[in-house]
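Printed here is input.cif (mmCIF, N, CA and C atoms):
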data_query
#
loop_
_atom_site.label_atom_id
_atom_site.label_comp_id
_atom_site.auth_asym_id
_atom_site.auth_seq_id
_atom_site.Cartn_x
_atom_site.Cartn_y
_atom_site.Cartn_z
N MET A 639 49.84 90.80 145.88
CA MET A 639 50.38 89.90 146.88
C MET A 639 51.45 90.63 147.66
N SER A 640 51.26 90.83 148.93
CA SER A 640 52.26 91.48 149.76
C SER A 640 53.20 90.46 150.34
N PHE A 641 54.49 90.78 150.33
CA PHE A 641 55.47 89.90 150.93
C PHE A 641 55.20 89.80 152.42
N CYS A 642 55.43 88.66 152.99
CA CYS A 642 55.00 88.37 154.35
C CYS A 642 55.67 89.21 155.42
N SER A 643 55.02 89.30 156.54
CA SER A 643 55.60 89.80 157.77
C SER A 643 56.14 88.60 158.50
N PHE A 644 57.31 88.71 159.12
CA PHE A 644 57.90 87.57 159.80
C PHE A 644 57.11 87.16 161.04
N PHE A 645 56.23 88.02 161.52
CA PHE A 645 55.50 87.72 162.74
C PHE A 645 54.18 87.02 162.48
N GLY A 646 53.74 86.95 161.23
CA GLY A 646 52.43 86.40 160.95
C GLY A 646 52.42 85.10 160.17
N GLY A 647 53.56 84.54 159.89
CA GLY A 647 53.59 83.32 159.10
C GLY A 647 53.58 83.64 157.61
N GLU A 648 53.88 82.68 156.81
CA GLU A 648 53.97 82.91 155.37
C GLU A 648 52.81 82.25 154.66
N VAL A 649 51.92 83.06 154.12
CA VAL A 649 50.75 82.53 153.42
C VAL A 649 51.01 82.30 151.94
N TYR A 650 52.12 82.81 151.38
CA TYR A 650 52.38 82.68 149.95
C TYR A 650 53.43 81.64 149.60
N LYS A 651 53.87 80.83 150.55
CA LYS A 651 54.89 79.82 150.26
C LYS A 651 54.45 78.89 149.14
N ASP A 652 53.23 78.40 149.21
CA ASP A 652 52.73 77.46 148.21
C ASP A 652 51.75 78.11 147.23
N HIS A 653 51.85 79.39 147.08
CA HIS A 653 50.97 80.16 146.20
C HIS A 653 51.71 80.39 144.88
N PHE A 654 51.16 79.89 143.77
CA PHE A 654 51.84 80.00 142.49
C PHE A 654 50.99 80.66 141.40
N GLN A 655 50.00 81.45 141.78
CA GLN A 655 49.22 82.17 140.78
C GLN A 655 50.06 83.31 140.20
N THR A 656 49.75 83.68 138.97
CA THR A 656 50.46 84.76 138.30
C THR A 656 50.25 86.07 139.04
N GLY A 657 51.33 86.80 139.24
CA GLY A 657 51.22 88.09 139.91
C GLY A 657 52.56 88.67 140.30
N VAL A 658 52.50 89.75 141.07
CA VAL A 658 53.69 90.47 141.52
C VAL A 658 53.69 90.50 143.04
N TYR A 659 54.83 90.20 143.63
CA TYR A 659 55.00 90.28 145.07
C TYR A 659 55.56 91.66 145.41
N VAL A 660 54.92 92.32 146.36
CA VAL A 660 55.32 93.67 146.75
C VAL A 660 55.62 93.71 148.25
N CYS A 661 56.32 94.74 148.68
CA CYS A 661 56.64 94.93 150.09
C CYS A 661 55.33 95.17 150.86
N SER A 662 55.20 94.52 152.01
CA SER A 662 53.98 94.66 152.81
C SER A 662 53.88 96.02 153.49
N LYS A 663 54.96 96.78 153.52
CA LYS A 663 54.93 98.10 154.15
C LYS A 663 54.76 99.25 153.18
N CYS A 664 55.35 99.14 151.98
CA CYS A 664 55.31 100.30 151.08
C CYS A 664 54.84 99.98 149.66
N ASP A 665 54.50 98.73 149.37
CA ASP A 665 54.02 98.29 148.05
C ASP A 665 55.07 98.37 146.94
N HIS A 666 56.35 98.47 147.29
CA HIS A 666 57.42 98.47 146.29
C HIS A 666 57.47 97.09 145.63
N GLN A 667 57.57 97.04 144.31
CA GLN A 667 57.61 95.77 143.58
C GLN A 667 58.91 95.03 143.87
N LEU A 668 58.79 93.75 144.24
CA LEU A 668 59.95 92.95 144.62
C LEU A 668 60.24 91.82 143.63
N PHE A 669 59.28 90.92 143.46
CA PHE A 669 59.47 89.71 142.65
C PHE A 669 58.21 89.44 141.83
N THR A 670 58.36 88.71 140.72
CA THR A 670 57.20 88.24 139.98
C THR A 670 57.02 86.75 140.25
N SER A 671 55.84 86.27 139.99
CA SER A 671 55.57 84.85 140.17
C SER A 671 56.40 84.00 139.20
N ARG A 672 56.87 84.58 138.10
CA ARG A 672 57.71 83.83 137.14
C ARG A 672 59.06 83.44 137.76
N SER A 673 59.54 84.22 138.74
CA SER A 673 60.84 83.91 139.35
C SER A 673 60.70 83.08 140.62
N LYS A 674 59.48 82.68 140.97
CA LYS A 674 59.21 81.91 142.18
C LYS A 674 59.33 80.42 141.88
N TYR A 675 59.85 79.67 142.85
CA TYR A 675 59.95 78.23 142.67
C TYR A 675 59.74 77.52 144.01
N GLU A 676 59.42 76.23 143.93
CA GLU A 676 59.20 75.44 145.15
C GLU A 676 60.52 75.20 145.86
N HIS A 677 60.49 75.35 147.18
CA HIS A 677 61.68 75.16 148.00
C HIS A 677 61.25 74.64 149.37
N SER A 678 62.15 73.98 150.07
CA SER A 678 61.81 73.39 151.36
C SER A 678 61.78 74.39 152.52
N SER A 679 62.23 75.63 152.29
CA SER A 679 62.20 76.62 153.36
C SER A 679 60.75 77.01 153.67
N PRO A 680 60.49 77.58 154.84
CA PRO A 680 59.11 77.97 155.18
C PRO A 680 58.65 79.25 154.48
N TRP A 681 59.51 79.90 153.69
CA TRP A 681 59.16 81.13 152.99
C TRP A 681 59.21 80.91 151.50
N PRO A 682 58.56 81.78 150.73
CA PRO A 682 58.65 81.64 149.27
C PRO A 682 60.08 81.89 148.82
N ALA A 683 60.45 81.28 147.71
CA ALA A 683 61.80 81.40 147.17
C ALA A 683 61.73 81.94 145.75
N PHE A 684 62.66 82.86 145.43
CA PHE A 684 62.69 83.53 144.14
C PHE A 684 64.11 83.51 143.60
N THR A 685 64.24 83.56 142.27
CA THR A 685 65.56 83.56 141.65
C THR A 685 66.03 84.95 141.25
N GLU A 686 65.10 85.91 141.09
CA GLU A 686 65.50 87.25 140.68
C GLU A 686 64.46 88.28 141.08
N THR A 687 64.89 89.52 141.17
CA THR A 687 64.00 90.62 141.52
C THR A 687 63.41 91.23 140.25
N ILE A 688 62.39 92.07 140.42
CA ILE A 688 61.78 92.75 139.28
C ILE A 688 62.70 93.84 138.74
N HIS A 689 63.19 94.69 139.65
CA HIS A 689 64.06 95.82 139.28
C HIS A 689 65.40 95.67 139.99
N GLU A 690 66.39 96.32 139.47
CA GLU A 690 67.71 96.30 140.10
C GLU A 690 67.65 96.82 141.54
N ASP A 691 66.76 97.79 141.79
CA ASP A 691 66.65 98.39 143.13
C ASP A 691 65.47 97.83 143.94
N SER A 692 64.93 96.68 143.53
CA SER A 692 63.81 96.09 144.27
C SER A 692 64.20 95.76 145.70
N VAL A 693 65.41 95.26 145.88
CA VAL A 693 65.89 94.90 147.22
C VAL A 693 67.29 95.45 147.44
N SER A 694 67.66 95.56 148.71
CA SER A 694 69.05 95.83 149.08
C SER A 694 69.52 94.64 149.90
N LYS A 695 70.82 94.38 149.88
CA LYS A 695 71.35 93.22 150.58
C LYS A 695 72.55 93.62 151.43
N GLN A 696 72.68 92.95 152.56
CA GLN A 696 73.81 93.16 153.46
C GLN A 696 74.36 91.78 153.83
N GLN A 697 75.64 91.56 153.60
CA GLN A 697 76.21 90.24 153.90
C GLN A 697 76.23 90.00 155.40
N GLU A 698 75.69 88.85 155.80
CA GLU A 698 75.72 88.43 157.21
C GLU A 698 76.88 87.48 157.47
N ARG A 699 77.14 86.61 156.51
CA ARG A 699 78.25 85.66 156.57
C ARG A 699 78.51 85.21 155.13
N PRO A 700 79.63 84.56 154.86
CA PRO A 700 79.89 84.12 153.49
C PRO A 700 78.73 83.29 152.93
N GLY A 701 78.21 83.72 151.80
CA GLY A 701 77.13 83.00 151.13
C GLY A 701 75.73 83.30 151.62
N ALA A 702 75.58 84.20 152.61
CA ALA A 702 74.26 84.54 153.15
C ALA A 702 74.13 86.05 153.30
N TYR A 703 73.05 86.59 152.74
CA TYR A 703 72.80 88.03 152.77
C TYR A 703 71.44 88.31 153.38
N LYS A 704 71.36 89.31 154.23
CA LYS A 704 70.08 89.80 154.74
C LYS A 704 69.48 90.66 153.63
N VAL A 705 68.20 90.44 153.31
CA VAL A 705 67.54 91.14 152.21
C VAL A 705 66.48 92.08 152.77
N HIS A 706 66.48 93.31 152.26
CA HIS A 706 65.54 94.35 152.68
C HIS A 706 64.85 94.93 151.46
N CYS A 707 63.68 95.50 151.65
CA CYS A 707 63.01 96.24 150.59
C CYS A 707 63.93 97.36 150.15
N GLY A 708 64.09 97.53 148.85
CA GLY A 708 64.96 98.56 148.32
C GLY A 708 64.43 99.97 148.50
N LYS A 709 63.17 100.11 148.84
CA LYS A 709 62.58 101.44 149.02
C LYS A 709 62.48 101.85 150.49
N CYS A 710 61.92 100.98 151.35
CA CYS A 710 61.67 101.39 152.75
C CYS A 710 62.56 100.67 153.77
N GLY A 711 63.30 99.64 153.34
CA GLY A 711 64.19 98.93 154.25
C GLY A 711 63.54 97.82 155.06
N ASN A 712 62.27 97.52 154.78
CA ASN A 712 61.57 96.43 155.48
C ASN A 712 62.34 95.11 155.31
N GLY A 713 62.54 94.37 156.40
CA GLY A 713 63.24 93.09 156.33
C GLY A 713 62.43 92.06 155.58
N LEU A 714 63.05 91.39 154.60
CA LEU A 714 62.36 90.42 153.76
C LEU A 714 62.86 89.00 153.95
N GLY A 715 64.00 88.82 154.56
CA GLY A 715 64.54 87.48 154.72
C GLY A 715 66.00 87.44 154.33
N HIS A 716 66.40 86.34 153.69
CA HIS A 716 67.79 86.14 153.34
C HIS A 716 67.94 85.66 151.90
N GLU A 717 69.10 85.91 151.33
CA GLU A 717 69.49 85.33 150.06
C GLU A 717 70.63 84.37 150.36
N PHE A 718 70.52 83.16 149.82
CA PHE A 718 71.55 82.14 150.01
C PHE A 718 72.17 81.82 148.66
N MET A 719 73.47 82.00 148.56
CA MET A 719 74.18 81.77 147.31
C MET A 719 74.23 80.28 147.01
N ASN A 720 74.11 79.93 145.73
CA ASN A 720 74.18 78.54 145.25
C ASN A 720 73.14 77.63 145.90
N ASP A 721 71.96 78.19 146.24
CA ASP A 721 70.88 77.41 146.83
C ASP A 721 69.61 77.56 146.01
N GLY A 722 69.77 77.85 144.73
CA GLY A 722 68.62 78.05 143.85
C GLY A 722 68.25 76.77 143.12
N PRO A 723 67.29 76.89 142.20
CA PRO A 723 66.79 75.71 141.49
C PRO A 723 67.76 75.16 140.45
N GLY A 724 68.76 75.94 140.07
CA GLY A 724 69.74 75.49 139.08
C GLY A 724 71.14 75.70 139.60
N LYS A 725 72.09 75.04 138.97
CA LYS A 725 73.48 75.13 139.40
C LYS A 725 73.97 76.58 139.39
N GLY A 726 74.53 77.02 140.52
CA GLY A 726 75.09 78.36 140.61
C GLY A 726 74.07 79.45 140.85
N MET A 727 72.78 79.12 140.98
CA MET A 727 71.74 80.12 141.19
C MET A 727 71.58 80.41 142.68
N SER A 728 71.12 81.61 142.97
CA SER A 728 70.86 82.02 144.36
C SER A 728 69.39 81.93 144.66
N ARG A 729 69.07 81.87 145.95
CA ARG A 729 67.69 81.85 146.40
C ARG A 729 67.47 83.04 147.31
N PHE A 730 66.43 83.83 147.03
CA PHE A 730 66.02 84.93 147.90
C PHE A 730 65.04 84.38 148.89
#
Starting from the coordinates I provided, produce the structure as structure tokens.
Amino acid sequence: MSFCSFFGGEVYKDHFQTGVYVCSKCDHQLFTSRSKYEHSSPWPAFTETIHEDSVSKQQERPGAYKVHCGKCGNGLGHEFMNDGPGKGMSRF
């Protein structure tokens, strides 16, 4: 499962089969289906990455980070602090 391109729409938002989400540009492992959860945003939401270096983040404003592939820098979306499925959890 390749993580979406922002120009083509998100086909994996409601996809919950077991698997690994990878960068659409370089196939770097990003998230597993175990960390995916239902969310009202138009993109899939995850609570954690596969590896510590799966993604890199740059703060855009307090509580919001721009998320990139940790290998090639491909833009993946945003992480929002305290917007996860449980109290104090973040959403990628």
**OP:** For CA of Phe669 in chain A and CA of Glu686 in chain A, quote the distance in Å rounded to one decimal.
**Re:** 6.8 Å
Original post:
So what do you get for CA of Ser671 in chain A versus CA of Tyr659 in chain A, distance-wise?
Top reply: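 Atom-to-atom, CA of Ser671 in chain A to CA of Tyr659 in chain A, that is 7.3 Å.
Compared by their closest atoms to Thr656 in chain A, and using all atoms listed in the file, the residues A:Thr685, A:Lys709, A:Gly701, A:Thr670 rank with A:Thr670 nearest.
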**OP:** List every residue of range 642-722 of chain A that DSSP, applied to the backbone, labels as strand (DSSP E or B), and write the result as a ChimeraX atom specification.
**Re:** /A:658-660,667-670,674-675,683-684,693-699,702-707,713-718
Original post:
Just how far from CA of Tyr703 in chain A is CA of Gly724 in chain A, in Å to one decimal?
Top reply: 18.8 Å
So that I can check the surroundings of range 687-691 of chain A, please list as a PDB file with N, CA and C atoms, keeping the file's coordinate frame every protein, DNA and RNA residue that reaches within 8 Å of it, counting all atoms listed in the file and ignoring chain neighbours fewer than 3 positions away.
ATOM      1  N   GLN A 667      57.570  97.040 144.310  1.00  0.00           N
ATOM      2  CA  GLN A 667      57.610  95.770 143.580  1.00  0.00           C
ATOM      3  C   GLN A 667      58.910  95.030 143.870  1.00  0.00           C
ATOM      4  N   LEU A 668      58.790  93.750 144.240  1.00  0.00           N
ATOM      5  CA  LEU A 668      59.950  92.950 144.620  1.00  0.00           C
ATOM      6  C   LEU A 668      60.240  91.820 143.630  1.00  0.00           C
ATOM      7  N   PHE A 669      59.280  90.920 143.460  1.00  0.00           N
ATOM      8  CA  PHE A 669      59.470  89.710 142.650  1.00  0.00           C
ATOM      9  C   PHE A 669      58.210  89.440 141.830  1.00  0.00           C
ATOM     10  N   THR A 670      58.360  88.710 140.720  1.00  0.00           N
ATOM     11  CA  THR A 670      57.200  88.240 139.980  1.00  0.00           C
ATOM     12  C   THR A 670      57.020  86.750 140.250  1.00  0.00           C
ATOM     13  N   SER A 673      59.540  84.220 138.740  1.00  0.00           N
ATOM     14  CA  SER A 673      60.840  83.910 139.350  1.00  0.00           C
ATOM     15  C   SER A 673      60.700  83.080 140.620  1.00  0.00           C
ATOM     16  N   PHE A 684      62.660  82.860 145.430  1.00  0.00           N
ATOM     17  CA  PHE A 684      62.690  83.530 144.140  1.00  0.00           C
ATOM     18  C   PHE A 684      64.110  83.510 143.600  1.00  0.00           C
ATOM     19  N   SER A 694      67.660  95.560 148.710  1.00  0.00           N
ATOM     20  CA  SER A 694      69.050  95.830 149.080  1.00  0.00           C
ATOM     21  C   SER A 694      69.520  94.640 149.900  1.00  0.00           C
ATOM     22  N   CYS A 707      63.680  95.500 151.650  1.00  0.00           N
ATOM     23  CA  CYS A 707      63.010  96.240 150.590  1.00  0.00           C
ATOM     24  C   CYS A 707      63.930  97.360 150.150  1.00  0.00           C
ATOM     25  N   GLY A 708      64.090  97.530 148.850  1.00  0.00           N
ATOM     26  CA  GLY A 708      64.960  98.560 148.320  1.00  0.00           C
ATOM     27  C   GLY A 708      64.430  99.970 148.500  1.00  0.00           C
ATOM     28  N   LYS A 709      63.170 100.110 148.840  1.00  0.00           N
ATOM     29  CA  LYS A 709      62.580 101.440 149.020  1.00  0.00           C
ATOM     30  C   LYS A 709      62.480 101.850 150.490  1.00  0.00           C
TER      31      LYS A 709
END
Subject >> Ground truth for the PyMOL selection byres ((chain A and resi 719) around 5), written as an MDAnalysis selection string >> reply: chainID A and resid 701 717:718 720:721 728
Original post:
Evaluating the PyMOL selection byres ((chain A and resi 695) around 6.5) on the displayed file yields which residues, as a PyMOL selection string?
Top reply: chain A and resi 693-694+696-697+703-706
